[in-house]
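Novice: Sharing a structure below in structure tokens format, with a few things to ask.
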Amino acid sequence: MVKIIEESINHKKKTGQVTFEGDKVTISLNYSLCTNCGLCINNCPHKVLIWQEKTFKGNNKIDIVQISDLSKCSACGRCQEICKPRAIVIK
């Protein structure tokens, strides 16, 4: 079972943070730090991270990194290691 334990997303622009808690792992995504480079998505061996289109105020649409299926995450840390701005934290 996955639950969102923290969510503070500004719906006017891409800022804020969301934390997903699963049975084995907790992942926090900080959208204020994320540059949308996609390296975390491309380097996840289990395809846990995906692009998701999000609409912000004024119909401003942008793709953001999102969790697809946290139960697939092995907590290998590849996404966290590859993220230079430190927008992903695995616990």
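Numbering starts fresh at 1 for the residues of each chain in the structure tokens, the chains themselves are lettered A, B, ... in the order given, and ligands are numbered from 1 as they appear.
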Using only C-alpha atoms, which residues sit within 8 Å of stretch 81-83 of chain A once same-chain residues fewer than 3 positions away are excluded, as a list of chain:residue names?
Specialist: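 The residues that qualify are A:Leu39, A:Cys40, A:Asn43, A:Gly77, A:Arg78, A:Arg86, A:Ala87, A:Ile88.
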Novice: Write the selection just made, keeping C-alpha atoms, as a JSON list (two decimals), in the first residue's frame?
Specialist:
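Output contents, as saved in out-v4.json:
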[["chain", "number", "residue", "atom", "x", "y", "z"],
["A", 39, "LEU", "CA", 17.97, 11.28, -15.63],
["A", 40, "CYS", "CA", 16.17, 9.70, -12.67],
["A", 43, "ASN", "CA", 18.23, 5.34, -14.79],
["A", 77, "GLY", "CA", 19.35, 4.64, -4.85],
["A", 78, "ARG", "CA", 20.24, 5.13, -8.51],
["A", 86, "ARG", "CA", 19.20, 16.48, -4.85],
["A", 87, "ALA", "CA", 15.49, 16.64, -5.70],
["A", 88, "ILE", "CA", 14.99, 12.94, -4.79]]
Novice: Quick one: of A:Pro45, A:Cys79, A:Ile50, A:Asp23, who's nearest to A:Gln66, counting only C-alpha atoms?
Specialist: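 Smallest distance to A:Gln66 is found for A:Ile50.
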Novice: Restricting the calculation to only C-alpha atoms: of A:Trp51, A:Tyr31, A:Ile64, A:Gly38, which residue gets closest to A:Thr19?
Specialist: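 Ranked by minimum distance to A:Thr19, first place goes to A:Tyr31.
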Novice: Can you list every residue in chain A that DSSP puts in strand (DSSP E), as an MDAnalysis selection string?
Specialist: chainID A and resid 3:10 15:21 26:30 49:56 60:67 88:90
Novice: When distances are computed from only C-alpha atoms, which of A:Asn59, A:Thr26, A:Asn36, A:Asn42 shows the smallest separation from A:Cys73?
Specialist: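 Answer, going by the shortest atom-to-atom distance: A:Thr26.
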Novice: Compare A:Cys37, A:Val89, A:Ala75, A:Leu49 by their minimum atom-to-atom distance to A:Val25, counting only C-alpha atoms, and give me the closest one.
Specialist: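 Among the listed residues, the smallest separation from A:Val25 belongs to A:Ala75.
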Novice: For A:Ser71, which of A:Lys47, A:Ile41, A:Lys24, A:Lys91 is the closest residue, counting only C-alpha atoms?
Specialist: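 Nearest candidate to A:Ser71 out of A:Lys47, A:Ile41, A:Lys24, A:Lys91: A:Lys24.
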Novice: How would you write, as number ranges by chain, the set of residues in chain A that DSSP gives as helix (DSSP H, G or I)?
Specialist: A: 39-43, 70-72, 78-82
Novice: Give me, please, the distance in Å between atom CA of A:Ile62 and atom CA of A:Ser74, quoted to one decimal.
Specialist: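 Separating atom CA of A:Ile62 from atom CA of A:Ser74 is a distance of 27.9 Å.
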Novice: Enter the distance from atom CA of A:Pro85 to atom CA of A:Leu29, in Å, rounded to one decimal.
Specialist: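 Those two atoms sit 11.2 Å apart.
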Novice: Tell me which of A:Phe20, A:Thr35, A:Thr55, A:Ile90 sits closest to A:Ser68, counting only C-alpha atoms.
Specialist: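 Of A:Phe20, A:Thr35, A:Thr55, A:Ile90, the one nearest A:Ser68, counting only C-alpha atoms, is A:Phe20.
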